[in-house]
Every structure is written in C-alpha cells, then in structure tokens.
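For reference, structure17.json (JSON, C-alpha atoms):
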```json
[["chain", "number", "residue", "atom", "x", "y", "z"],
["A", 1, "MET", "CA", 38.36, 24.92, 19.39],
["A", 2, "MET", "CA", 40.62, 21.85, 19.52],
["A", 3, "SER", "CA", 38.05, 20.11, 21.75],
["A", 4, "GLU", "CA", 35.27, 20.73, 19.22],
["A", 5, "MET", "CA", 37.43, 19.36, 16.39],
["A", 6, "THR", "CA", 38.25, 16.28, 18.45],
["A", 7, "THR", "CA", 34.56, 15.69, 19.22],
["A", 8, "THR", "CA", 33.66, 16.07, 15.54],
["A", 9, "SER", "CA", 36.44, 13.66, 14.57],
["A", 10, "VAL", "CA", 35.19, 11.07, 17.07],
["A", 11, "LEU", "CA", 31.62, 11.41, 15.78],
["A", 12, "ASN", "CA", 32.81, 10.98, 12.20],
["A", 13, "THR", "CA", 35.05, 7.95, 12.86],
["A", 14, "THR", "CA", 33.03, 6.05, 15.50],
["A", 15, "PHE", "CA", 30.28, 3.84, 14.12],
["A", 16, "VAL", "CA", 27.37, 3.57, 16.53],
["A", 17, "ARG", "CA", 24.58, 1.07, 15.95],
["A", 18, "PRO", "CA", 21.83, 1.69, 18.51],
["A", 19, "ASP", "CA", 20.05, -1.06, 20.40],
["A", 20, "GLY", "CA", 16.78, 0.38, 19.17],
["A", 21, "PHE", "CA", 14.76, 3.45, 18.25],
["A", 22, "TYR", "CA", 12.24, 5.42, 20.28],
["A", 23, "ILE", "CA", 9.02, 5.97, 18.31],
["A", 24, "ARG", "CA", 7.80, 9.41, 19.31],
["A", 25, "GLY", "CA", 4.35, 9.39, 17.69],
["A", 26, "PHE", "CA", 2.15, 12.48, 18.03],
["A", 27, "TYR", "CA", 3.54, 15.68, 19.51],
["A", 28, "ALA", "CA", 0.35, 17.46, 20.57],
["A", 29, "LEU", "CA", -2.68, 15.30, 19.75],
["A", 30, "GLN", "CA", -4.75, 14.89, 22.90],
["A", 31, "HIS", "CA", -5.96, 11.39, 23.82],
["A", 32, "SER", "CA", -4.00, 9.81, 20.97],
["A", 33, "ASN", "CA", -4.67, 6.37, 22.48],
["A", 34, "TYR", "CA", -8.26, 6.61, 21.25],
["A", 35, "TYR", "CA", -7.00, 7.29, 17.75],
["A", 36, "PHE", "CA", -4.93, 4.10, 17.76],
["A", 37, "ILE", "CA", -7.91, 2.14, 19.11],
["A", 38, "PHE", "CA", -9.81, 3.53, 16.09],
["A", 39, "LEU", "CA", -7.02, 2.24, 13.82],
["A", 40, "GLY", "CA", -7.35, -1.14, 15.53],
["A", 41, "VAL", "CA", -11.07, -1.24, 14.71],
["A", 42, "LEU", "CA", -10.26, -0.34, 11.09],
["A", 43, "TYR", "CA", -7.71, -3.15, 11.03],
["A", 44, "VAL", "CA", -10.21, -5.79, 12.13],
["A", 45, "ALA", "CA", -12.74, -4.52, 9.57],
["A", 46, "THR", "CA", -10.00, -4.58, 6.89],
["A", 47, "LEU", "CA", -9.18, -8.21, 7.64],
["A", 48, "LEU", "CA", -12.84, -9.26, 7.51],
["A", 49, "ALA", "CA", -13.59, -7.37, 4.28],
["A", 50, "ASN", "CA", -10.51, -8.58, 2.43],
["A", 51, "PHE", "CA", -10.73, -12.20, 3.55],
["A", 52, "PHE", "CA", -14.39, -12.12, 2.49],
["A", 53, "ILE", "CA", -13.60, -10.99, -1.06],
["A", 54, "MET", "CA", -10.61, -13.35, -1.30],
["A", 55, "SER", "CA", -12.78, -16.30, -0.26],
["A", 56, "ILE", "CA", -15.40, -15.39, -2.89],
["A", 57, "ILE", "CA", -12.76, -15.28, -5.64],
["A", 58, "TRP", "CA", -11.05, -18.43, -4.36],
["A", 59, "PHE", "CA", -14.19, -20.60, -4.29],
["A", 60, "ALA", "CA", -16.05, -19.18, -7.33],
["A", 61, "GLN", "CA", -14.66, -20.93, -10.40],
["A", 62, "SER", "CA", -16.23, -18.35, -12.70],
["A", 63, "LEU", "CA", -14.07, -15.64, -11.10],
["A", 64, "HIS", "CA", -10.79, -17.39, -11.92],
["A", 65, "THR", "CA", -9.99, -14.80, -14.60],
["A", 66, "PRO", "CA", -7.11, -12.30, -15.03],
["A", 67, "LYS", "CA", -9.20, -9.42, -13.65],
["A", 68, "TYR", "CA", -10.02, -11.25, -10.43],
["A", 69, "PHE", "CA", -6.47, -12.54, -10.04],
["A", 70, "GLY", "CA", -5.54, -8.86, -9.90],
["A", 71, "ILE", "CA", -8.28, -8.11, -7.37],
["A", 72, "PHE", "CA", -7.19, -11.10, -5.25],
["A", 73, "SER", "CA", -3.62, -9.79, -5.34],
["A", 74, "LEU", "CA", -4.84, -6.35, -4.22],
["A", 75, "ALA", "CA", -6.78, -7.86, -1.31],
["A", 76, "LEU", "CA", -3.71, -9.87, -0.27],
["A", 77, "VAL", "CA", -1.58, -6.72, -0.37],
["A", 78, "ASP", "CA", -4.21, -4.82, 1.65],
["A", 79, "VAL", "CA", -4.15, -7.46, 4.41],
["A", 80, "SER", "CA", -0.35, -7.59, 4.41],
["A", 81, "PHE", "CA", 0.06, -3.79, 4.45],
["A", 82, "SER", "CA", -2.33, -3.35, 7.36],
["A", 83, "THR", "CA", -0.77, -6.25, 9.28],
["A", 84, "ALA", "CA", 2.74, -4.85, 8.84],
["A", 85, "LEU", "CA", 1.68, -1.50, 10.24],
["A", 86, "ILE", "CA", -1.25, -1.47, 12.66],
["A", 87, "PRO", "CA", -0.59, -4.30, 15.20],
["A", 88, "LYS", "CA", 2.90, -2.93, 15.90],
["A", 89, "ALA", "CA", 1.50, 0.62, 16.25],
["A", 90, "LEU", "CA", -1.04, -0.67, 18.79],
["A", 91, "HIS", "CA", 1.72, -2.49, 20.68],
["A", 92, "VAL", "CA", 3.89, 0.65, 20.74],
["A", 93, "PHE", "CA", 1.31, 3.27, 21.72],
["A", 94, "LEU", "CA", -1.38, 1.41, 23.66],
["A", 95, "PHE", "CA", 1.01, -0.68, 25.75],
["A", 96, "GLY", "CA", 3.78, 1.90, 26.07],
["A", 97, "ASN", "CA", 6.50, -0.12, 24.35],
["A", 98, "ARG", "CA", 7.89, 2.77, 22.34],
["A", 99, "VAL", "CA", 11.45, 1.47, 22.06],
["A", 100, "VAL", "CA", 11.70, -0.81, 19.02],
["A", 101, "GLU", "CA", 14.75, -3.05, 18.72],
["A", 102, "TYR", "CA", 17.08, -2.18, 15.82],
["A", 103, "ASN", "CA", 16.53, -5.26, 13.63],
["A", 104, "ALA", "CA", 12.80, -5.29, 14.36],
["A", 105, "CYS", "CA", 12.66, -1.64, 13.31],
["A", 106, "LEU", "CA", 14.34, -2.33, 9.97],
["A", 107, "THR", "CA", 12.09, -5.36, 9.43],
["A", 108, "GLN", "CA", 8.96, -3.28, 9.95],
["A", 109, "MET", "CA", 10.40, -0.53, 7.75],
["A", 110, "PHE", "CA", 10.89, -3.01, 4.91],
["A", 111, "PHE", "CA", 7.46, -4.62, 5.06],
["A", 112, "VAL", "CA", 5.48, -1.37, 5.51],
["A", 113, "HIS", "CA", 7.20, 0.34, 2.59],
["A", 114, "TYR", "CA", 7.18, -2.80, 0.47],
["A", 115, "PHE", "CA", 3.44, -3.40, 0.78],
["A", 116, "SER", "CA", 2.71, 0.32, 0.44],
["A", 117, "CYS", "CA", 4.49, 0.30, -2.92],
["A", 118, "MET", "CA", 2.76, -2.97, -3.79],
["A", 119, "GLU", "CA", -0.54, -1.09, -3.54],
["A", 120, "SER", "CA", 0.53, 1.22, -6.36],
["A", 121, "TYR", "CA", 1.94, -1.61, -8.47],
["A", 122, "THR", "CA", -1.20, -3.71, -8.04],
["A", 123, "LEU", "CA", -3.35, -0.76, -9.09],
["A", 124, "MET", "CA", -1.09, -0.47, -12.15],
["A", 125, "VAL", "CA", -1.63, -4.17, -12.92],
["A", 126, "LEU", "CA", -5.40, -3.66, -12.72],
["A", 127, "ALA", "CA", -5.07, -0.70, -15.12],
["A", 128, "TYR", "CA", -3.20, -3.00, -17.51],
["A", 129, "ASP", "CA", -6.07, -5.51, -17.29],
["A", 130, "ARG", "CA", -8.65, -2.79, -18.10],
["A", 131, "LEU", "CA", -6.49, -1.57, -21.00],
["A", 132, "ILE", "CA", -6.36, -5.03, -22.59],
["A", 133, "ALA", "CA", -10.06, -5.72, -21.96],
["A", 134, "ILE", "CA", -11.29, -2.47, -23.54],
["A", 135, "CYS", "CA", -8.75, -1.86, -26.29],
["A", 136, "PHE", "CA", -8.49, -5.50, -27.43],
["A", 137, "PRO", "CA", -11.89, -7.02, -26.56],
["A", 138, "LEU", "CA", -11.70, -9.82, -29.15],
["A", 139, "ARG", "CA", -8.17, -10.88, -28.25],
["A", 140, "CYS", "CA", -8.05, -10.11, -24.54],
["A", 141, "THR", "CA", -8.23, -13.79, -23.50],
["A", 142, "THR", "CA", -5.16, -14.62, -25.59],
["A", 143, "ILE", "CA", -3.18, -11.44, -24.87],
["A", 144, "ASN", "CA", -3.90, -11.58, -21.12],
["A", 145, "SER", "CA", -4.50, -15.21, -20.23],
["A", 146, "ASN", "CA", -4.52, -16.45, -16.64],
["A", 147, "SER", "CA", -0.90, -17.63, -16.86],
["A", 148, "LYS", "CA", 0.27, -14.33, -18.37],
["A", 149, "MET", "CA", -1.59, -12.36, -15.70],
["A", 150, "MET", "CA", 0.08, -14.45, -12.99],
["A", 151, "LEU", "CA", 3.46, -13.67, -14.54],
["A", 152, "VAL", "CA", 2.64, -9.93, -14.59],
["A", 153, "ILE", "CA", 1.59, -10.11, -10.91],
["A", 154, "ILE", "CA", 4.79, -11.95, -9.91],
["A", 155, "ILE", "CA", 6.93, -9.34, -11.69],
["A", 156, "SER", "CA", 4.96, -6.56, -10.00],
["A", 157, "TRP", "CA", 5.78, -8.14, -6.63],
["A", 158, "MET", "CA", 9.49, -8.60, -7.41],
["A", 159, "ILE", "CA", 10.38, -5.06, -8.58],
["A", 160, "PRO", "CA", 9.33, -3.31, -5.32],
["A", 161, "PHE", "CA", 10.93, -6.14, -3.33],
["A", 162, "ILE", "CA", 14.37, -5.51, -4.85],
["A", 163, "LEU", "CA", 14.16, -1.71, -4.62],
["A", 164, "ILE", "CA", 12.82, -1.56, -1.05],
["A", 165, "LEU", "CA", 15.30, -4.19, 0.13],
["A", 166, "THR", "CA", 18.12, -2.04, -1.26],
["A", 167, "MET", "CA", 16.69, 1.12, 0.30],
["A", 168, "VAL", "CA", 16.32, -0.41, 3.75],
["A", 169, "GLY", "CA", 19.66, -2.22, 3.51],
["A", 170, "LEU", "CA", 21.44, 1.11, 3.08],
["A", 171, "VAL", "CA", 20.20, 2.18, 6.53],
["A", 172, "THR", "CA", 22.60, -0.35, 8.10],
["A", 173, "ARG", "CA", 25.57, 1.76, 6.94],
["A", 174, "LEU", "CA", 24.41, 4.74, 9.06],
["A", 175, "SER", "CA", 25.75, 5.61, 12.49],
["A", 176, "TYR", "CA", 23.51, 6.97, 15.27],
["A", 177, "CYS", "CA", 25.71, 8.88, 17.70],
["A", 178, "LYS", "CA", 23.18, 11.56, 18.65],
["A", 179, "SER", "CA", 19.42, 10.97, 18.64],
["A", 180, "THR", "CA", 17.48, 7.73, 18.24],
["A", 181, "ILE", "CA", 14.04, 9.39, 18.48],
["A", 182, "VAL", "CA", 11.97, 8.70, 15.35],
["A", 183, "ASN", "CA", 9.42, 11.44, 14.55],
["A", 184, "SER", "CA", 6.78, 9.10, 13.22],
["A", 185, "TYR", "CA", 4.34, 6.43, 14.41],
["A", 186, "PHE", "CA", 6.37, 3.52, 13.02],
["A", 187, "CYS", "CA", 9.92, 2.87, 11.81],
["A", 188, "ASP", "CA", 9.53, 5.18, 8.84],
["A", 189, "HIS", "CA", 12.48, 5.28, 6.45],
["A", 190, "GLY", "CA", 12.83, 9.06, 6.13],
["A", 191, "PRO", "CA", 12.60, 9.93, 9.84],
["A", 192, "VAL", "CA", 15.02, 7.10, 10.67],
["A", 193, "PHE", "CA", 17.83, 8.04, 8.29],
["A", 194, "LEU", "CA", 17.42, 11.77, 8.92],
["A", 195, "ILE", "CA", 18.48, 11.42, 12.57],
["A", 196, "SER", "CA", 21.73, 9.71, 11.64],
["A", 197, "CYS", "CA", 25.02, 11.52, 12.24],
["A", 198, "SER", "CA", 26.51, 9.90, 9.12],
["A", 199, "ASP", "CA", 26.38, 11.28, 5.60],
["A", 200, "TYR", "CA", 22.94, 10.11, 4.41],
["A", 201, "SER", "CA", 23.06, 11.65, 0.92],
["A", 202, "VAL", "CA", 23.06, 8.16, -0.67],
["A", 203, "ASN", "CA", 19.98, 7.21, 1.37],
["A", 204, "TRP", "CA", 18.28, 10.40, 0.26],
["A", 205, "ILE", "CA", 19.04, 9.73, -3.42],
["A", 206, "VAL", "CA", 17.90, 6.10, -3.24],
["A", 207, "ALA", "CA", 14.71, 7.08, -1.36],
["A", 208, "THR", "CA", 13.91, 9.68, -4.02],
["A", 209, "PHE", "CA", 14.56, 7.13, -6.76],
["A", 210, "CYS", "CA", 12.30, 4.58, -5.05],
["A", 211, "ILE", "CA", 9.48, 7.12, -4.64],
["A", 212, "ALA", "CA", 9.78, 7.99, -8.33],
["A", 213, "CYS", "CA", 9.86, 4.34, -9.48],
["A", 214, "LEU", "CA", 7.39, 2.84, -7.01],
["A", 215, "LEU", "CA", 4.79, 5.59, -6.63],
["A", 216, "TYR", "CA", 4.99, 8.18, -9.40],
["A", 217, "LEU", "CA", 5.87, 5.80, -12.26],
["A", 218, "PRO", "CA", 2.85, 3.51, -11.63],
["A", 219, "LEU", "CA", 0.61, 6.59, -11.41],
["A", 220, "ALA", "CA", 1.99, 7.88, -14.73],
["A", 221, "ILE", "CA", 1.41, 4.48, -16.36],
["A", 222, "ILE", "CA", -2.13, 4.34, -14.95],
["A", 223, "MET", "CA", -2.90, 7.81, -16.32],
["A", 224, "LEU", "CA", -1.39, 6.92, -19.71],
["A", 225, "SER", "CA", -3.47, 3.72, -19.75],
["A", 226, "TYR", "CA", -6.65, 5.71, -19.26],
["A", 227, "VAL", "CA", -5.70, 8.15, -22.02],
["A", 228, "VAL", "CA", -5.49, 5.13, -24.36],
["A", 229, "ILE", "CA", -8.71, 3.68, -22.90],
["A", 230, "LEU", "CA", -10.54, 7.01, -23.38],
["A", 231, "ALA", "CA", -9.38, 7.17, -26.99],
["A", 232, "ALA", "CA", -10.69, 3.61, -27.51],
["A", 233, "LEU", "CA", -14.03, 4.47, -25.87],
["A", 234, "LEU", "CA", -14.50, 7.50, -28.14],
["A", 235, "ARG", "CA", -14.24, 5.19, -31.15],
["A", 236, "ILE", "CA", -17.25, 3.17, -29.97],
["A", 237, "PRO", "CA", -20.20, 4.50, -32.00],
["A", 238, "ASN", "CA", -22.86, 3.35, -29.54],
["A", 239, "THR", "CA", -23.32, 5.68, -26.55],
["A", 240, "ASP", "CA", -24.68, 2.86, -24.41],
["A", 241, "GLY", "CA", -21.68, 0.72, -25.32],
["A", 242, "ARG", "CA", -19.30, 3.51, -24.28],
["A", 243, "ARG", "CA", -21.13, 3.91, -20.98],
["A", 244, "LYS", "CA", -21.02, 0.19, -20.18],
["A", 245, "ALA", "CA", -17.33, -0.06, -21.08],
["A", 246, "PHE", "CA", -16.41, 2.97, -18.97],
["A", 247, "LYS", "CA", -18.47, 1.64, -16.05],
["A", 248, "THR", "CA", -16.00, -1.25, -15.75],
["A", 249, "CYS", "CA", -13.25, 1.33, -15.11],
["A", 250, "THR", "CA", -14.99, 3.50, -12.50],
["A", 251, "THR", "CA", -14.25, 1.12, -9.62],
["A", 252, "HIS", "CA", -10.56, 1.07, -10.43],
["A", 253, "LEU", "CA", -10.41, 4.85, -10.86],
["A", 254, "THR", "CA", -12.06, 5.27, -7.45],
["A", 255, "LEU", "CA", -9.41, 3.08, -5.81],
["A", 256, "VAL", "CA", -6.61, 4.99, -7.55],
["A", 257, "ALA", "CA", -7.97, 8.30, -6.24],
["A", 258, "ILE", "CA", -8.41, 6.96, -2.68],
["A", 259, "PHE", "CA", -4.84, 5.67, -2.59],
["A", 260, "TYR", "CA", -2.96, 8.45, -4.38],
["A", 261, "VAL", "CA", -4.63, 11.69, -3.27],
["A", 262, "PRO", "CA", -3.51, 11.49, 0.41],
["A", 263, "LEU", "CA", -0.01, 10.38, -0.62],
["A", 264, "LEU", "CA", 0.38, 13.23, -3.10],
["A", 265, "VAL", "CA", -0.78, 15.70, -0.45],
["A", 266, "THR", "CA", 1.87, 14.34, 1.94],
["A", 267, "TYR", "CA", 4.77, 14.21, -0.51],
["A", 268, "GLU", "CA", 4.01, 17.43, -2.38],
["A", 269, "THR", "CA", 3.36, 19.62, 0.67],
["A", 270, "VAL", "CA", 6.58, 21.49, 1.37],
["A", 271, "SER", "CA", 5.88, 22.37, 5.02],
["A", 272, "ILE", "CA", 3.85, 19.87, 7.04],
["A", 273, "ASP", "CA", 4.08, 19.35, 10.80],
["A", 274, "THR", "CA", 4.71, 15.93, 12.29],
["A", 275, "ASP", "CA", 1.21, 15.41, 13.74],
["A", 276, "THR", "CA", -0.49, 16.26, 10.43],
["A", 277, "ARG", "CA", 1.92, 13.99, 8.59],
["A", 278, "ILE", "CA", 1.19, 11.11, 10.97],
["A", 279, "LEU", "CA", -2.56, 11.61, 10.65],
["A", 280, "ASN", "CA", -2.36, 11.80, 6.88],
["A", 281, "THR", "CA", -0.06, 8.82, 6.37],
["A", 282, "SER", "CA", -1.80, 6.61, 8.94],
["A", 283, "LEU", "CA", -5.25, 7.23, 7.46],
["A", 284, "SER", "CA", -3.97, 6.78, 3.90],
["A", 285, "ALA", "CA", -2.41, 3.49, 5.03],
["A", 286, "THR", "CA", -5.54, 2.15, 6.76],
["A", 287, "ILE", "CA", -8.62, 3.47, 4.94],
["A", 288, "PRO", "CA", -7.81, 2.34, 1.34],
["A", 289, "PRO", "CA", -7.20, -1.31, 2.37],
["A", 290, "LEU", "CA", -10.63, -1.25, 4.05],
["A", 291, "LEU", "CA", -12.47, 0.51, 1.21],
["A", 292, "ASN", "CA", -10.92, -1.49, -1.66],
["A", 293, "PRO", "CA", -12.85, -4.74, -1.06],
["A", 294, "ILE", "CA", -16.03, -2.87, -0.11],
["A", 295, "ILE", "CA", -16.00, -0.83, -3.32],
["A", 296, "TYR", "CA", -15.24, -3.87, -5.47],
["A", 297, "THR", "CA", -18.02, -5.83, -3.76],
["A", 298, "LEU", "CA", -20.64, -3.10, -4.20],
["A", 299, "LYS", "CA", -19.70, -2.07, -7.74],
["A", 300, "THR", "CA", -18.86, -5.41, -9.40],
["A", 301, "ASP", "CA", -21.85, -7.33, -10.73],
["A", 302, "GLU", "CA", -20.01, -10.67, -10.86],
["A", 303, "ILE", "CA", -19.14, -10.52, -7.15],
["A", 304, "ILE", "CA", -22.65, -9.42, -6.20],
["A", 305, "GLU", "CA", -24.01, -12.36, -8.19],
["A", 306, "GLN", "CA", -21.71, -14.79, -6.38],
["A", 307, "ILE", "CA", -22.85, -13.42, -3.00],
["A", 308, "LYS", "CA", -26.51, -13.81, -4.02],
["A", 309, "LYS", "CA", -25.78, -17.34, -5.23],
["A", 310, "TYR", "CA", -24.16, -18.20, -1.90],
["A", 311, "PHE", "CA", -27.14, -16.99, 0.11],
["A", 312, "ARG", "CA", -29.59, -18.76, -2.22],
["A", 313, "ASN", "CA", -27.73, -22.02, -1.70],
["A", 314, "ARG", "CA", -27.70, -21.44, 2.06],
["A", 315, "LYS", "CA", -31.43, -20.78, 2.04],
["A", 316, "ILE", "CA", -32.07, -23.97, 0.10],
["A", 317, "ALA", "CA", -29.84, -25.95, 2.46],
["A", 318, "PHE", "CA", -31.71, -24.64, 5.53],
["A", 319, "SER", "CA", -35.11, -25.34, 3.98],
["A", 320, "MET", "CA", -34.29, -29.00, 3.27]]
```

Would you mind writing the structure in this file as structure tokens?
Amino acid sequence: MMSEMTTTSVLNTTFVRPDGFYIRGFYALQHSNYYFIFLGVLYVATLLANFFIMSIIWFAQSLHTPKYFGIFSLALVDVSFSTALIPKALHVFLFGNRVVEYNACLTQMFFVHYFSCMESYTLMVLAYDRLIAICFPLRCTTINSNSKMMLVIIISWMIPFILILTMVGLVTRLSYCKSTIVNSYFCDHGPVFLISCSDYSVNWIVATFCIACLLYLPLAIIMLSYVVILAALLRIPNTDGRRKAFKTCTTHLTLVAIFYVPLLVTYETVSIDTDTRILNTSLSATIPPLLNPIIYTLKTDEIIEQIKKYFRNRKIAFSM
C-alpha cells in the first residue's frame, strides 16, 4: 500500500516531457499504406486546383472584388491545411518514421488545427459577403468595399490564431510519465492531452471552448445569415430574380455542407472507434480542400468566363 502511494506521489510530482510521440495510426485497416498514397494523390490534386483558381483571381483584374478576395483566402487556407497535414502523414506512415519529436508535434498540432478552424471562419466570411450582396444590393460596394473585406479577412485569421495558440500552448504544462502513443494519424490535440498523467481538465475546457467558438459559432452565424438571406429573397416579387439571387448562394452552401457534415458526424457521435475516426477526419481534411476550387470553378460564371478568355487569347497567340 505504501509502495503504491509512493509511486502515485512520484507520478504527481515529477514532470516528464517526452522526447517525442509515437503516432499509432490505424489499428486494423489492412494495407493502410495504399490509403496514405491515395491521400498523397489528393494532396497533389489539391495543390494544382487551388493554385489554378488563385492564379485566375490574381491575374484577372475584374475579379478583384470582395467576393473573390474571400474565395482567394479560402484557396490559400485549403493549400495551407493540406500542407500542414498530408506531407507529414506520408513521412510518418510510408517511410516508417512514426516517432515525432516533441516540438515538431506541437508545431503540427497548431497548424493543422489552426487551418482547420480557418476553413470554418473563411466560409463564414463568404456567408457575410453573400448577406451584404443580396440584402443590400444597392449599397453593397460601399458597405463591403475591398478594403473592408480585407479587414474582415484579417480579423478572421487572427481570432483562430489566438485561440489555437492558447490551446496548444497549454499542452506544454502536461507531464507524460506513462504512454506517449497517440491514437491518431497526426499530432491531434485530443489524443495527445488525453494520454497525459497530469490533470488535463483545463485542456479539456479550453478545447471545448475552442470547438464551440471556432466550429459551431461560425456554423450558427452561417445559418443565421441564410435565414436573413431567405427572408430577403422572399421579398423579391420576380420569381426569376429570386432564382438568380439564390443561385449565387448554392456554391457556398455546397461547400458548407461538404466541410461541416463529416465534422459533425465525428464530434457528435458518442462512440466511434479509432480507425473510423481516422478515416472520417482524414477524408474531411483532404476532400473539401480539393472540391472547393473545383466547385467554384464549375459553378461561377465569372471564373468560367476568365478561363474561356485565357484559352481564346492562347489560341490567338498560337495562330499569329
């Protein structure tokens, strides 16, 4: 009995910072290497698609508007999110380097969670743009000018930065005197602090607060925005006018559904095994960044027109 009390006392008073963490990955998925190769292919496609849409917006002067500043910001976040997550996962699982050094682990944790939350905040910014454009069509250029949109985007980048930096910083106060095996496919915040032998109640509270502020709050604001937009659309007497106005929102609504549905399934499912959680979170982290630029390219007339203009100019240049 005295020995057990002594051991407990040592565990409680000795602060242990590990050299690194072992990323377990899948428990039972057969041939998981092929799955990570698939994620690598998605990553390359994501880079190509997002750099393509960013280059169109960058070089087309007519697209230098608040709406396309928001789309450019989303594409930048998509590239950053995928880059923070996938290359390291490939390095860990395809090359067998499953031990991630402590500081490198916290760095990845910060950037993955930061850019994940930036996805939701950027979608919220795009909802704000649609709200102004539809509810205040005659004053939208003054209410939401380019400079004001840039300010909104900068604020939307700063809020998650402060919250995620605080959340990750609190991990440094935890001691790891037992296990350093992380039940995830990257240095995920929850699986990392849950294996600590310290009291992690503060980490749990801050993580819950961050999820509420950085995921659920933007979703609530997006939904509220569309309630206001729907009310504005119903006041349009012309059916064709309502249809055209709502068509400008369908692309954004599609992106919101693609991003939020897998996340809500993960966070709201009480009992979910590790392999299913990894599959769900990895696909929800890789597929939306790939689909976002594709959907915007296919469903936005202005971007389609710029692509056609580019190929017309190329054809003329080759014919000369």

Exercise. Can you tell me how far atom CA of A:Lys308 sits from atom CA of A:Ala49, in Å to one decimal?
Worked result: 16.7 Å

Exercise. Which one of A:Ile132, A:Ala28, A:Ile272, A:Leu263 sits closest to A:Leu215 if you count all atoms listed in the file?
Worked result: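 That would be A:Leu263, the residue with the smallest distance to A:Leu215.
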
For this session: Select, from A:Thr172, A:Gln108, A:Ser184, A:Ser80, the residue with the minimum atom-to-atom distance to A:Ile23, counting all atoms listed in the file.
Result: A:Ser184

Problem set entry | Minimum-distance residue to A:Asp301, chosen among A:Ser156, A:Thr248, A:Leu131, A:Asp275 (using only C-alpha atoms) |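 Checking each of A:Ser156, A:Thr248, A:Leu131, A:Asp275 against A:Asp301, counting only C-alpha atoms, the winner is A:Thr248.
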
For this session: Give me the residues within 10 Å of A:Ile37 as a list in words, counting all atoms listed in the file and dropping any in the same chain fewer than 4 places off.
Result: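 The filter keeps Ser32, Asn33, Val41, Leu42, Tyr43, Ile86, Ala89, Leu90, Phe93 and Leu94 of chain A.
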
Would you save the residues of that selection, restricted to C-alpha atoms, as a PDB file, in the frame of the given file?
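So the final result, stored in selection_24.pdb, reads:
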```
ATOM      1  CA  SER A  32      -4.000   9.810  20.970  1.00  0.00           C
ATOM      2  CA  ASN A  33      -4.670   6.370  22.480  1.00  0.00           C
ATOM      3  CA  VAL A  41     -11.070  -1.240  14.710  1.00  0.00           C
ATOM      4  CA  LEU A  42     -10.260  -0.340  11.090  1.00  0.00           C
ATOM      5  CA  TYR A  43      -7.710  -3.150  11.030  1.00  0.00           C
ATOM      6  CA  ILE A  86      -1.250  -1.470  12.660  1.00  0.00           C
ATOM      7  CA  ALA A  89       1.500   0.620  16.250  1.00  0.00           C
ATOM      8  CA  LEU A  90      -1.040  -0.670  18.790  1.00  0.00           C
ATOM      9  CA  PHE A  93       1.310   3.270  21.720  1.00  0.00           C
ATOM     10  CA  LEU A  94      -1.380   1.410  23.660  1.00  0.00           C
TER      11      LEU A  94
END
```

For this session: Using all atoms listed in the file, find the one residue out of A:Leu219, A:Ser225, A:Ile278, A:Leu163 that sits nearest to A:Leu264.
Result: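 Among the listed residues, A:Leu219 lies closest to A:Leu264.
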
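Atom CA of A:Gly190 sits 16.6 Å away from atom CA of A:Asn103.
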
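Using only C-alpha atoms, the nearest neighbour of A:Leu174 within the list A:Leu76, A:Ile154, A:Val227, A:Ile195 is A:Ile195.
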
Exercise. Using all atoms listed in the file, which of A:Ile236, A:Cys177, A:Leu29, A:Leu63 sits nearest A:Thr300?
Worked result: A:Leu63

Exercise. Which polymer residues have any atom within 12 Å of an atom of A:Thr297, counting only C-alpha atoms, with same-chain residues fewer than 4 positions away left out, as a PyMOL selection string?
Worked result: chain A and resi 49-50+52-54+56-57+68+71+75+251+290-293+301-308

Output of the above residues as a PDB file, keeping the file's coordinate frame, restricted to C-alpha atoms:
```
ATOM      1  CA  ALA A  49     -13.590  -7.370   4.280  1.00  0.00           C
ATOM      2  CA  ASN A  50     -10.510  -8.580   2.430  1.00  0.00           C
ATOM      3  CA  PHE A  52     -14.390 -12.120   2.490  1.00  0.00           C
ATOM      4  CA  ILE A  53     -13.600 -10.990  -1.060  1.00  0.00           C
ATOM      5  CA  MET A  54     -10.610 -13.350  -1.300  1.00  0.00           C
ATOM      6  CA  ILE A  56     -15.400 -15.390  -2.890  1.00  0.00           C
ATOM      7  CA  ILE A  57     -12.760 -15.280  -5.640  1.00  0.00           C
ATOM      8  CA  TYR A  68     -10.020 -11.250 -10.430  1.00  0.00           C
ATOM      9  CA  ILE A  71      -8.280  -8.110  -7.370  1.00  0.00           C
ATOM     10  CA  ALA A  75      -6.780  -7.860  -1.310  1.00  0.00           C
ATOM     11  CA  THR A 251     -14.250   1.120  -9.620  1.00  0.00           C
ATOM     12  CA  LEU A 290     -10.630  -1.250   4.050  1.00  0.00           C
ATOM     13  CA  LEU A 291     -12.470   0.510   1.210  1.00  0.00           C
ATOM     14  CA  ASN A 292     -10.920  -1.490  -1.660  1.00  0.00           C
ATOM     15  CA  PRO A 293     -12.850  -4.740  -1.060  1.00  0.00           C
ATOM     16  CA  ASP A 301     -21.850  -7.330 -10.730  1.00  0.00           C
ATOM     17  CA  GLU A 302     -20.010 -10.670 -10.860  1.00  0.00           C
ATOM     18  CA  ILE A 303     -19.140 -10.520  -7.150  1.00  0.00           C
ATOM     19  CA  ILE A 304     -22.650  -9.420  -6.200  1.00  0.00           C
ATOM     20  CA  GLU A 305     -24.010 -12.360  -8.190  1.00  0.00           C
ATOM     21  CA  GLN A 306     -21.710 -14.790  -6.380  1.00  0.00           C
ATOM     22  CA  ILE A 307     -22.850 -13.420  -3.000  1.00  0.00           C
ATOM     23  CA  LYS A 308     -26.510 -13.810  -4.020  1.00  0.00           C
TER      24      LYS A 308
END
```

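Those DNA, RNA and protein residues that approach the point (21.8, 9.6, 2.1) to within 12 Å, considering all atoms listed in the file, are Met167, Val168, Leu170, Val171, Thr172, Arg173, Leu174, Ser175, His189, Gly190, Val192, Phe193, Leu194, Ile195, Ser196, Cys197, Ser198, Asp199, Tyr200, Ser201, Val202, Asn203, Trp204, Ile205, Val206, Ala207, Thr208 and Phe209 of chain A.
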
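Coordinates place atom CA of A:Pro87 at a distance of 7.5 Å from atom CA of A:Gly40.
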
Might I get the box with edges along x, y and z of the file that holds all atoms of stretch 154-164 of chain A listed there, padded by 5 Å on every side, given as centre and edge lengths in Å to one decimal, as lines of an AutoDock Vina configuration file?
```
center_x = 9.6
center_y = -6.8
center_z = -6.4
size_x = 19.6
size_y = 20.4
size_z = 20.6
```
